[in-house]
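This is upload01.txt (compact mmCIF, C-alpha atoms and all ligand atoms).
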```
# COMPACT_ATOMS: atom_id res chain seq x y z
CA MET A 1 144.94 -73.44 -41.31
CA VAL A 2 148.19 -73.39 -39.41
CA THR A 3 147.92 -75.42 -36.25
CA SER A 4 150.63 -74.68 -33.77
CA LYS A 5 152.74 -77.56 -32.64
CA ILE A 6 151.94 -79.13 -29.31
CA VAL A 7 154.64 -78.61 -26.72
CA THR A 8 154.69 -80.25 -23.29
CA ARG A 9 157.27 -80.15 -20.58
CA PHE A 10 158.49 -82.05 -17.56
CA ALA A 11 159.63 -79.50 -15.00
CA PRO A 12 161.19 -81.22 -12.01
CA SER A 13 162.96 -79.42 -9.20
CA PRO A 14 166.33 -81.06 -8.58
CA THR A 15 166.10 -80.81 -4.81
CA GLY A 16 166.24 -84.55 -4.15
CA LEU A 17 166.15 -87.86 -5.97
CA LEU A 18 162.81 -88.06 -7.73
CA HIS A 19 160.89 -91.25 -7.13
CA MET A 20 159.02 -93.28 -9.68
CA GLY A 21 155.73 -91.51 -8.96
CA ASN A 22 157.32 -88.22 -10.01
CA TYR A 23 158.40 -89.63 -13.36
CA ARG A 24 154.84 -90.62 -14.13
CA THR A 25 154.32 -86.94 -15.05
CA ALA A 26 157.17 -87.16 -17.55
CA VAL A 27 155.68 -90.28 -19.11
CA PHE A 28 152.31 -88.61 -19.61
CA ALA A 29 153.77 -85.36 -20.93
CA TYR A 30 155.93 -87.38 -23.33
CA MET A 31 153.08 -89.59 -24.54
CA PHE A 32 150.81 -86.63 -25.12
CA ALA A 33 153.43 -84.68 -27.07
CA LYS A 34 154.48 -87.61 -29.23
CA LYS A 35 150.93 -88.76 -29.87
CA ASN A 36 150.32 -85.33 -31.38
CA GLY A 37 153.59 -85.04 -33.24
CA GLY A 38 154.70 -82.39 -30.76
CA LYS A 39 157.72 -81.50 -28.69
CA PHE A 40 158.63 -82.70 -25.23
CA ILE A 41 160.82 -80.42 -23.15
CA LEU A 42 162.81 -81.03 -20.00
CA ARG A 43 163.04 -78.01 -17.77
CA ILE A 44 165.11 -78.22 -14.64
CA GLU A 45 163.50 -75.87 -12.13
CA ASP A 46 166.56 -75.00 -10.14
CA THR A 47 165.78 -71.50 -8.94
CA ASP A 48 166.01 -72.62 -5.33
CA ARG A 49 169.79 -72.34 -5.31
CA GLU A 50 170.26 -73.72 -1.84
CA ARG A 51 168.28 -76.90 -2.28
CA SER A 52 168.99 -77.62 -5.94
CA LYS A 53 171.91 -79.95 -6.56
CA LYS A 54 173.73 -80.92 -9.72
CA GLU A 55 173.74 -84.59 -8.71
CA TYR A 56 169.92 -84.60 -8.64
CA GLU A 57 169.78 -82.93 -12.03
CA ASP A 58 172.20 -85.54 -13.37
CA ASN A 59 170.02 -88.27 -11.95
CA ILE A 60 166.95 -86.85 -13.71
CA VAL A 61 168.79 -86.79 -17.04
CA GLU A 62 170.11 -90.31 -16.48
CA SER A 63 166.67 -91.62 -15.55
CA LEU A 64 164.95 -90.12 -18.59
CA GLU A 65 167.67 -91.48 -20.84
CA TRP A 66 167.37 -94.94 -19.36
CA LEU A 67 163.61 -94.86 -19.76
CA GLY A 68 163.98 -93.75 -23.37
CA LEU A 69 161.98 -90.57 -22.81
CA SER A 70 164.10 -88.42 -25.05
CA TYR A 71 163.43 -84.73 -24.85
CA ASP A 72 163.66 -82.32 -27.75
CA GLU A 73 165.00 -79.45 -25.67
CA LYS A 74 166.45 -78.98 -22.24
CA TYR A 75 166.42 -75.80 -20.18
CA ARG A 76 167.60 -74.75 -16.79
CA GLN A 77 165.32 -72.27 -15.11
CA SER A 78 168.20 -70.56 -13.31
CA GLU A 79 169.66 -69.57 -16.69
CA HIS A 80 166.58 -67.52 -17.49
CA VAL A 81 166.48 -65.25 -14.47
CA GLU A 82 167.17 -62.29 -16.71
CA SER A 83 164.01 -62.98 -18.60
CA HIS A 84 162.00 -63.49 -15.42
CA THR A 85 163.32 -60.18 -14.16
CA LYS A 86 162.46 -58.43 -17.41
CA TYR A 87 158.83 -59.49 -17.14
CA LEU A 88 158.77 -58.72 -13.45
CA GLN A 89 159.87 -55.20 -14.33
CA LYS A 90 157.19 -55.03 -16.99
CA LEU A 91 154.51 -55.92 -14.45
CA ILE A 92 155.78 -53.18 -12.18
CA ASN A 93 155.94 -50.66 -15.02
CA ASP A 94 152.40 -51.54 -16.05
CA GLY A 95 151.17 -51.07 -12.49
CA LYS A 96 150.29 -54.76 -12.17
CA ALA A 97 152.85 -55.46 -9.48
CA TYR A 98 154.59 -53.28 -6.94
CA ILE A 99 157.58 -53.21 -4.67
CA SER A 100 156.63 -53.56 -1.05
CA LYS A 101 159.07 -52.69 1.72
CA GLU A 102 158.49 -55.17 4.49
CA GLU A 103 160.25 -56.22 7.59
CA ALA A 104 161.64 -59.74 7.41
CA LYS A 105 159.55 -62.19 9.41
CA ASP A 106 162.58 -63.62 11.18
CA GLY A 107 162.61 -60.78 13.70
CA SER A 108 165.95 -59.46 12.42
CA GLY A 109 164.42 -56.08 11.68
CA VAL A 110 165.84 -56.21 8.13
CA ILE A 111 163.72 -54.38 5.57
CA ARG A 112 163.23 -56.27 2.28
CA GLU A 113 161.84 -55.08 -1.01
CA LEU A 114 159.39 -57.80 -1.95
CA VAL A 115 157.46 -57.66 -5.19
CA ARG A 116 153.74 -58.28 -4.82
CA PHE A 117 151.24 -58.96 -7.56
CA LYS A 118 148.31 -56.54 -7.59
CA ASN A 119 145.43 -58.93 -7.29
CA ASN A 120 141.96 -57.55 -7.84
CA GLY A 121 140.44 -60.74 -6.48
CA GLN A 122 138.60 -61.94 -9.56
CA THR A 123 137.28 -65.47 -9.92
CA VAL A 124 139.66 -67.47 -12.08
CA ILE A 125 138.12 -70.18 -14.21
CA PHE A 126 140.01 -72.66 -16.31
CA GLU A 127 139.05 -75.80 -18.16
CA ASP A 128 141.28 -78.63 -17.03
CA ALA A 129 141.69 -81.28 -19.74
CA ILE A 130 141.22 -84.04 -17.16
CA ARG A 131 139.11 -82.52 -14.42
CA GLY A 132 136.86 -80.14 -16.34
CA LYS A 133 136.03 -76.65 -15.16
CA ILE A 134 137.95 -75.43 -12.11
CA GLU A 135 136.83 -72.20 -10.53
CA THR A 136 138.79 -70.33 -7.86
CA ASP A 137 137.91 -67.21 -5.98
CA THR A 138 141.28 -65.43 -5.70
CA LYS A 139 140.20 -62.82 -3.14
CA ASP A 140 141.81 -64.76 -0.31
CA LEU A 141 145.15 -64.87 -2.11
CA GLY A 142 145.52 -61.13 -1.61
CA ASP A 143 148.47 -59.40 -3.24
CA PHE A 144 150.70 -62.45 -3.32
CA VAL A 145 154.49 -62.23 -3.43
CA ILE A 146 156.07 -62.97 -6.81
CA ALA A 147 159.69 -62.01 -6.12
CA LYS A 148 161.95 -61.75 -3.09
CA SER A 149 163.44 -58.67 -4.72
CA ILE A 150 163.53 -57.27 -8.23
CA SER A 151 166.42 -59.58 -9.07
CA GLU A 152 165.01 -62.64 -7.33
CA PRO A 153 161.79 -63.73 -9.05
CA LEU A 154 159.96 -66.60 -7.40
CA PHE A 155 158.48 -69.84 -8.64
CA HIS A 156 155.16 -68.64 -10.11
CA ILE A 157 156.51 -65.94 -12.38
CA ALA A 158 159.43 -68.12 -13.41
CA VAL A 159 157.07 -70.93 -14.46
CA VAL A 160 154.76 -68.58 -16.36
CA VAL A 161 157.59 -66.84 -18.22
CA ASP A 162 159.39 -70.09 -19.04
CA ASP A 163 156.25 -71.81 -20.29
CA TYR A 164 155.60 -68.81 -22.52
CA GLU A 165 159.14 -68.47 -23.85
CA GLU A 166 159.51 -72.19 -24.43
CA GLY A 167 156.21 -72.26 -26.31
CA VAL A 168 154.55 -74.73 -23.95
CA THR A 169 150.98 -75.34 -25.08
CA HIS A 170 149.95 -78.08 -22.66
CA ILE A 171 150.89 -78.24 -19.00
CA LEU A 172 150.59 -81.76 -17.66
CA ARG A 173 151.53 -81.91 -14.01
CA GLY A 174 150.45 -83.38 -10.70
CA GLU A 175 147.19 -82.29 -9.13
CA ASP A 176 149.15 -80.94 -6.16
CA HIS A 177 149.81 -77.96 -8.45
CA ILE A 178 146.13 -77.07 -8.83
CA PRO A 179 146.36 -74.41 -6.07
CA ASN A 180 149.21 -72.75 -8.00
CA THR A 181 147.30 -72.52 -11.24
CA PRO A 182 145.04 -69.51 -10.44
CA ARG A 183 148.09 -67.44 -9.40
CA GLN A 184 149.91 -68.43 -12.54
CA ILE A 185 146.87 -67.59 -14.67
CA LEU A 186 146.63 -64.14 -13.11
CA ILE A 187 150.31 -63.45 -13.81
CA ARG A 188 149.98 -64.81 -17.34
CA GLU A 189 146.95 -62.66 -18.09
CA ALA A 190 148.69 -59.59 -16.68
CA LEU A 191 151.59 -60.24 -19.07
CA GLY A 192 149.26 -60.87 -21.99
CA PHE A 193 150.61 -64.35 -22.75
CA PRO A 194 148.42 -66.92 -24.49
CA GLN A 195 146.67 -69.46 -22.31
CA PRO A 196 148.12 -72.96 -22.22
CA ILE A 197 145.90 -75.97 -21.58
CA TYR A 198 146.21 -77.48 -18.14
CA ALA A 199 145.89 -81.16 -17.38
CA HIS A 200 146.36 -82.02 -13.72
CA LEU A 201 147.19 -85.67 -13.24
CA PRO A 202 145.73 -87.64 -10.34
CA LEU A 203 148.04 -88.06 -7.37
CA VAL A 204 149.94 -91.30 -7.19
CA LEU A 205 148.90 -93.11 -4.03
CA SER A 206 150.57 -95.95 -2.22
CA GLU A 207 148.64 -99.14 -1.55
CA ASP A 208 147.24 -97.75 1.72
CA ARG A 209 145.85 -94.83 -0.32
CA THR A 210 148.13 -92.23 1.26
CA LYS A 211 150.38 -90.07 -0.85
CA LEU A 212 153.16 -92.08 -2.41
CA SER A 213 156.62 -91.47 -1.04
CA LYS A 214 160.00 -93.13 -1.04
CA ARG A 215 159.19 -94.58 2.34
CA LYS A 216 156.07 -96.16 0.86
CA GLY A 217 158.10 -98.07 -1.67
CA ALA A 218 158.52 -95.71 -4.60
CA LEU A 219 162.20 -95.60 -5.34
CA PRO A 220 164.27 -93.46 -7.66
CA VAL A 221 164.06 -94.76 -11.22
CA THR A 222 167.78 -95.49 -11.26
CA ASP A 223 167.27 -97.84 -8.29
CA TYR A 224 164.87 -99.92 -10.37
CA ARG A 225 167.47 -99.94 -13.12
CA ASP A 226 170.09 -101.15 -10.64
CA MET A 227 167.75 -103.85 -9.37
CA GLY A 228 167.49 -105.22 -12.89
CA TYR A 229 164.07 -104.00 -13.98
CA LEU A 230 163.55 -103.30 -17.65
CA PRO A 231 162.98 -99.68 -18.68
CA SER A 232 160.14 -100.73 -20.97
CA ALA A 233 158.39 -102.35 -18.01
CA ILE A 234 158.86 -99.35 -15.73
CA LEU A 235 157.44 -97.12 -18.46
CA ASN A 236 154.50 -99.43 -19.08
CA PHE A 237 153.80 -99.62 -15.37
CA MET A 238 153.96 -95.85 -14.90
CA ALA A 239 151.72 -95.18 -17.89
CA PHE A 240 149.01 -97.25 -16.22
CA ILE A 241 149.09 -95.28 -12.99
CA GLY A 242 146.00 -93.20 -13.58
CA PHE A 243 145.47 -94.17 -17.19
CA ASN A 244 144.02 -97.10 -19.05
CA PRO A 245 143.42 -97.13 -22.78
CA GLY A 246 140.54 -99.58 -22.27
CA GLY A 247 140.46 -103.20 -23.40
CA GLU A 248 142.23 -106.25 -22.08
CA LYS A 249 145.76 -105.53 -23.24
CA GLU A 250 148.03 -104.29 -20.48
CA ILE A 251 151.49 -104.85 -21.85
CA PHE A 252 152.71 -102.11 -24.16
CA THR A 253 155.97 -100.84 -25.56
CA LEU A 254 156.61 -97.10 -25.47
CA ASP A 255 155.62 -96.70 -29.12
CA GLU A 256 152.41 -98.61 -28.52
CA LEU A 257 151.68 -96.48 -25.48
CA VAL A 258 152.10 -93.33 -27.53
CA GLU A 259 149.76 -94.84 -30.10
CA VAL A 260 146.95 -95.56 -27.63
CA PHE A 261 147.41 -92.55 -25.37
CA ASP A 262 144.30 -90.48 -24.94
CA ILE A 263 144.28 -87.59 -22.49
CA THR A 264 140.53 -87.96 -21.96
CA LYS A 265 141.10 -91.44 -20.56
CA ILE A 266 143.27 -90.20 -17.69
CA HIS A 267 141.50 -90.88 -14.41
CA LYS A 268 140.45 -88.13 -12.04
CA GLY A 269 140.85 -90.17 -8.89
CA GLY A 270 144.06 -91.06 -7.08
CA ALA A 271 146.00 -93.73 -8.87
CA ILE A 272 147.53 -96.61 -6.96
CA PHE A 273 151.15 -97.69 -7.14
CA ASN A 274 150.99 -101.45 -6.85
CA LYS A 275 154.32 -103.23 -6.40
CA GLU A 276 152.98 -106.65 -7.28
CA LYS A 277 151.70 -105.30 -10.53
CA LEU A 278 155.15 -103.92 -11.24
CA SER A 279 156.65 -107.41 -10.86
CA TRP A 280 154.05 -108.86 -13.16
CA VAL A 281 154.56 -106.18 -15.80
CA ASN A 282 158.31 -106.67 -15.65
CA LYS A 283 157.96 -110.42 -16.10
CA GLU A 284 155.74 -109.88 -19.12
CA HIS A 285 158.32 -107.56 -20.65
CA ILE A 286 161.05 -110.12 -20.06
CA LYS A 287 158.92 -112.63 -21.95
CA LEU A 288 158.73 -110.20 -24.88
CA GLN A 289 162.52 -110.11 -25.21
CA SER A 290 164.29 -112.21 -27.80
CA VAL A 291 165.97 -115.40 -26.65
CA ASP A 292 169.36 -113.81 -27.35
CA VAL A 293 168.67 -110.85 -25.11
CA GLN A 294 167.26 -113.07 -22.38
CA LEU A 295 170.31 -115.27 -22.58
CA LYS A 296 172.71 -112.33 -22.31
CA SER A 297 170.80 -111.02 -19.33
CA ILE A 298 170.89 -114.27 -17.40
CA GLU A 299 174.52 -114.88 -18.36
CA ARG A 300 175.45 -111.75 -16.47
CA HIS A 301 174.14 -113.30 -13.27
CA MET A 302 174.93 -116.94 -13.96
CA LYS A 303 178.52 -116.62 -15.09
CA ASP A 304 179.61 -120.06 -13.92
CA TYR A 305 177.20 -122.01 -16.10
CA PRO A 306 178.31 -123.42 -19.45
CA GLU A 307 176.60 -121.65 -22.31
CA ASP A 308 174.90 -124.71 -23.77
CA MET A 309 173.47 -125.49 -20.35
CA LEU A 310 172.13 -121.95 -19.97
CA LYS A 311 170.44 -122.22 -23.33
CA LYS A 312 168.56 -125.28 -22.18
CA LEU A 313 167.84 -123.81 -18.79
CA LEU A 314 166.61 -120.49 -20.14
CA PRO A 315 162.82 -121.14 -20.17
CA THR A 316 162.98 -122.48 -16.63
CA VAL A 317 164.92 -119.46 -15.42
CA ILE A 318 162.52 -117.04 -17.08
CA GLU A 319 159.61 -118.86 -15.50
CA LYS A 320 161.11 -118.48 -12.03
CA ILE A 321 161.91 -114.76 -12.04
CA SER A 322 160.04 -111.53 -12.50
CA ASN A 323 163.21 -109.49 -12.65
CA TYR A 324 166.75 -110.44 -13.68
CA GLY A 325 167.94 -109.01 -10.37
CA ASP A 326 166.04 -111.86 -8.67
CA LEU A 327 168.78 -114.15 -9.90
CA ALA A 328 171.11 -112.87 -7.22
CA THR A 329 169.12 -115.01 -4.79
CA VAL A 330 167.09 -117.36 -6.98
CA ASP A 331 170.20 -118.74 -8.64
CA ASN A 332 171.49 -120.00 -5.30
CA THR A 333 168.27 -121.60 -4.18
CA GLU A 334 167.02 -122.99 -7.46
CA PHE A 335 169.73 -123.67 -9.98
CA ARG A 336 173.14 -124.24 -8.40
CA PHE A 337 172.75 -128.01 -8.39
CA PHE A 338 172.94 -127.97 -12.17
CA ILE A 339 176.63 -127.13 -11.95
CA LYS A 340 177.36 -128.61 -8.56
CA ARG A 341 176.73 -132.31 -8.05
CA PRO A 342 174.56 -132.84 -5.00
CA VAL A 343 175.77 -134.66 -1.94
CA VAL A 344 173.72 -137.83 -1.80
CA ASP A 345 171.42 -137.98 1.21
CA VAL A 346 170.09 -141.55 1.30
CA GLU A 347 167.28 -140.80 3.73
CA LYS A 348 165.89 -138.13 1.49
CA ILE A 349 166.07 -140.13 -1.71
CA VAL A 350 163.69 -142.81 -0.44
CA TRP A 351 160.06 -142.01 -1.09
CA LYS A 352 157.60 -142.09 1.86
CA ASN A 353 156.91 -145.76 2.83
CA SER A 354 159.33 -147.17 0.33
CA ASN A 355 162.86 -148.37 1.06
CA LYS A 356 166.42 -148.06 -0.18
CA SER A 357 166.44 -151.14 -2.35
CA GLU A 358 163.22 -150.15 -4.11
CA ALA A 359 164.60 -146.65 -4.70
CA SER A 360 167.82 -148.09 -6.08
CA GLN A 361 165.94 -150.56 -8.27
CA ASN A 362 163.76 -147.84 -9.74
CA LEU A 363 166.73 -145.56 -10.37
CA LYS A 364 168.51 -148.33 -12.23
CA SER A 365 165.47 -149.05 -14.37
CA VAL A 366 165.05 -145.37 -15.16
CA LYS A 367 168.73 -145.16 -16.06
CA GLY A 368 168.17 -147.97 -18.53
CA LEU A 369 165.29 -146.09 -20.09
CA LEU A 370 167.25 -142.84 -20.20
CA LEU A 371 170.18 -144.45 -21.95
CA LYS A 372 167.85 -145.17 -24.85
CA ALA A 373 165.90 -141.92 -24.58
CA ASP A 374 165.74 -138.89 -26.80
CA PHE A 375 167.33 -135.98 -24.92
CA SER A 376 166.13 -133.29 -27.29
CA SER A 377 163.44 -131.93 -24.97
CA PRO A 378 161.96 -132.39 -21.49
CA ASP A 379 158.83 -133.72 -23.18
CA SER A 380 160.58 -136.48 -25.07
CA LEU A 381 162.25 -137.55 -21.83
CA LYS A 382 158.95 -137.53 -20.03
CA GLN A 383 157.56 -139.86 -22.65
CA SER A 384 160.40 -142.31 -22.10
CA ILE A 385 159.93 -142.50 -18.34
CA MET A 386 156.26 -141.90 -17.67
CA GLU A 387 154.95 -145.32 -18.56
CA TYR A 388 157.36 -146.96 -16.13
CA ALA A 389 156.60 -144.35 -13.45
CA GLU A 390 152.89 -144.89 -13.75
CA LYS A 391 153.29 -148.62 -13.45
CA ASN A 392 155.59 -148.48 -10.42
CA GLY A 393 154.16 -145.47 -8.62
CA LYS A 394 155.01 -141.93 -9.65
CA GLY A 395 156.32 -141.02 -6.20
CA ASN A 396 158.40 -144.18 -6.01
CA VAL A 397 160.05 -143.46 -9.32
CA LEU A 398 160.12 -139.73 -9.86
CA TRP A 399 160.99 -138.63 -6.33
CA PRO A 400 164.21 -140.65 -6.09
CA LEU A 401 165.11 -139.57 -9.60
CA ARG A 402 164.63 -135.89 -8.87
CA MET A 403 166.41 -136.17 -5.51
CA ALA A 404 169.32 -138.09 -7.04
CA LEU A 405 169.73 -135.43 -9.70
CA SER A 406 169.12 -132.28 -7.68
CA GLY A 407 169.59 -133.13 -4.02
CA GLN A 408 166.75 -130.71 -3.39
CA GLU A 409 163.32 -131.38 -1.99
CA LYS A 410 161.95 -128.66 -4.21
CA SER A 411 163.13 -128.13 -7.72
CA VAL A 412 161.98 -128.11 -11.29
CA ASP A 413 160.62 -131.40 -12.65
CA PRO A 414 163.01 -134.32 -13.25
CA PHE A 415 162.51 -134.30 -17.03
CA THR A 416 163.72 -130.74 -17.32
CA ILE A 417 166.65 -131.56 -15.05
CA CYS A 418 167.60 -134.54 -17.25
CA TYR A 419 167.30 -132.43 -20.37
CA VAL A 420 169.50 -129.65 -18.97
CA LEU A 421 172.14 -131.95 -17.48
CA GLY A 422 172.44 -134.24 -20.48
CA VAL A 423 172.71 -138.01 -20.45
CA GLU A 424 176.30 -138.36 -19.20
CA GLU A 425 175.84 -136.26 -16.12
CA VAL A 426 172.45 -137.83 -15.41
CA VAL A 427 174.03 -141.29 -15.44
CA ILE A 428 176.80 -140.18 -13.10
CA ARG A 429 174.33 -138.74 -10.61
CA ILE A 430 172.08 -141.79 -10.73
CA ASP A 431 175.09 -144.09 -10.25
CA ASN A 432 176.26 -142.03 -7.29
CA ALA A 433 172.85 -142.27 -5.66
CA CYS A 434 172.59 -146.00 -6.28
CA GLN A 435 176.02 -146.60 -4.84
CA SER A 436 174.98 -144.89 -1.61
CA LEU A 437 171.63 -146.64 -1.55
CA ASP A 438 173.23 -150.06 -2.09
CA SER A 439 175.97 -149.72 0.48
N1 LIG A 501 158.96 -77.78 -10.38
C1 LIG A 501 157.66 -78.24 -10.00
C2 LIG A 501 157.79 -79.55 -9.25
O1 LIG A 501 158.82 -80.16 -9.27
C3 LIG A 501 156.74 -78.46 -11.20
C4 LIG A 501 156.19 -77.19 -11.71
C5 LIG A 501 155.21 -77.35 -12.84
O2 LIG A 501 155.06 -78.45 -13.37
O3 LIG A 501 154.58 -76.37 -13.19
O4 LIG A 501 156.86 -79.95 -8.60
```
Before we go any further, please render this structure as structure tokens.
Amino acid sequence: MVTSKIVTRFAPSPTGLLHMGNYRTAVFAYMFAKKNGGKFILRIEDTDRERSKKEYEDNIVESLEWLGLSYDEKYRQSEHVESHTKYLQKLINDGKAYISKEEAKDGSGVIRELVRFKNNGQTVIFEDAIRGKIETDTKDLGDFVIAKSISEPLFHIAVVVDDYEEGVTHILRGEDHIPNTPRQILIREALGFPQPIYAHLPLVLSEDRTKLSKRKGALPVTDYRDMGYLPSAILNFMAFIGFNPGGEKEIFTLDELVEVFDITKIHKGGAIFNKEKLSWVNKEHIKLQSVDVQLKSIERHMKDYPEDMLKKLLPTVIEKISNYGDLATVDNTEFRFFIKRPVVDVEKIVWKNSNKSEASQNLKSVKGLLLKADFSSPDSLKQSIMEYAEKNGKGNVLWPLRMALSGQEKSVDPFTICYVLGVEEVVIRIDNACQSLDS
């Protein structure tokens, strides 16, 4: 038996920057095609000449490339007007559509030759792969307009003809297109084209359960790229808006997503776009990266740090961020002291009810221990100091140490700081603090 190849398409209109919710359709169409060894097509629906802009088309191409959703073919709807017109003419010739001279509604008195589809008002039934049987009484649609003139076919006929000519077998698109489907089925039947399978994806909702929009926090995909998010994380996040393969695992690469994708597991209900989840998913994808890639990524933001220091600091940095872009601010608040010796603030170094001389004494003892310590890991340093700290009061010992080294009331633990700074710098900072405490 010859089974025809599965073909899906993503058919955006380049009339604005698409937000992340819009790309969710592309992710699903891609996953479905690839899962079935099929083809994924990009079709730019640019028939609205006034509103369509090249820059938006470019942004779509750039976004898909960045996400790694490579398409097998690309079409521009406007380049197929001849074909749309040919089929429009066929409908007219077959008596299934007719030219209707009508006065323009703008009151200008201009007579236009619209093309209307001859609709006999049948009930259209189709089996949606996600939502099951959908039945529509098309009587109320009347003889709907399918072209502004014989040379200006409109959206519905263009979509039907393109899907046919491009061999699209499965139409995955947002559920906001459900009202269009009966019209498109009527046109398709009138032209005698085979029936594709429809799968209408649940709307993407913002956290307040209203329709997702840019204002509600869904940004163009390229904005997430510019903010430092990882494409693999954005993909993973989008794939889970309205879909879950089941099981505990939530972090997937694109190949793994394709592997587990199952159209019957797409939800019917509105799917929520949750920004916190996005941060979490991104952090998990950062953790999946190799140390080399992580290092390169943080180097870009932390240019002033010596490389060997960054290597030691890497796990701490990764722990503190959910997105490399966070480093633009986090670096200043959390890590600068590693490369900039703190100004000693005597008041702050002294722990609660303790005093300067006790703080100084403890720092000197700790210095003695550190001079003999193994600096190969934060843990080995902890072992060298902890016994003394427990004996003399953890606050009394560790607070002055951390303050002397970092100058910050909040920072990573003192063992990690010692490890990252290295013994020489640690000794200098402790000496500086003691000098101030003793004077
Ligand atoms: N161009 C339409 C849109 O951007 C999609 C049409 C379709 O998927 O059939 O909403």
Determine, counting all atoms listed in the file, which protein, DNA and RNA residues have an atom within 6 Å of an atom of segment 229-232 of chain A; residues of the same chain fewer than 4 positions away are not included. Present the result as a list in words.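 So, after excluding close chain neighbours, the residues are Leu67, Tyr224, Arg225 and Asn323 of chain A.
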Please check which protein, DNA or RNA residues sit within 6 Å of ligand LIG 501 (chain A), counting only C-alpha atoms and all ligand atoms, and write them as a list in words. Ala11, Pro12, Ser13, Glu45 and Arg173 of chain A
Which residues are near segment 339-345 of chain A? Cut-off 9 Å, only C-alpha atoms, ignore same chain within fewer than 4 positions. Put them as a list in words.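 My list of contacting residues is Asp304, Tyr305, Pro306, Phe335, Ile349, Met403, Ala404, Leu405, Ser406, Gly407, Gln408, Leu421, Arg429, Asn432, Ala433 and Ser436 of chain A.
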Which residues are near Pro14 of chain A? Cut-off 8 Å, all atoms listed in the file, ignore same chain within fewer than 2 positions. Put them as a PyMOL selection string. chain A and resi 12+16-18+44-46+51-54+56-57+60
Atom CA of Glu387 of chain A and atom CA of Gln435 of chain A are how many Å apart?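 Computing the Euclidean distance for atom CA of Glu387 of chain A and atom CA of Gln435 of chain A yields 25.2 Å.
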Could you list, as a PyMOL selection string, every residue within 10 Å of Glu347 of chain A, counting only C-alpha atoms and ignoring same-chain residues fewer than 4 positions away? chain A and resi 351-352+355-356+437
Go through A:Thr8, A:Thr222, A:Asn282, A:Asn274 one by one, measure the shortest atom-to-atom distance of each to Asp208 of chain A using only C-alpha atoms, and give the residue with the smallest value.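 Closest to Asp208 of chain A of all the choices is A:Asn274.
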Using all atoms listed in the file for the distances, tell me which of A:Leu203, A:Ala190, A:Ala29, A:Ile92 is nearest to Asn120 of chain A.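 Nearest to Asn120 of chain A: A:Ala190.
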Quick one, how far is atom CA of Glu250 of chain A from atom CA of Ala33 of chain A? 21.4 Å
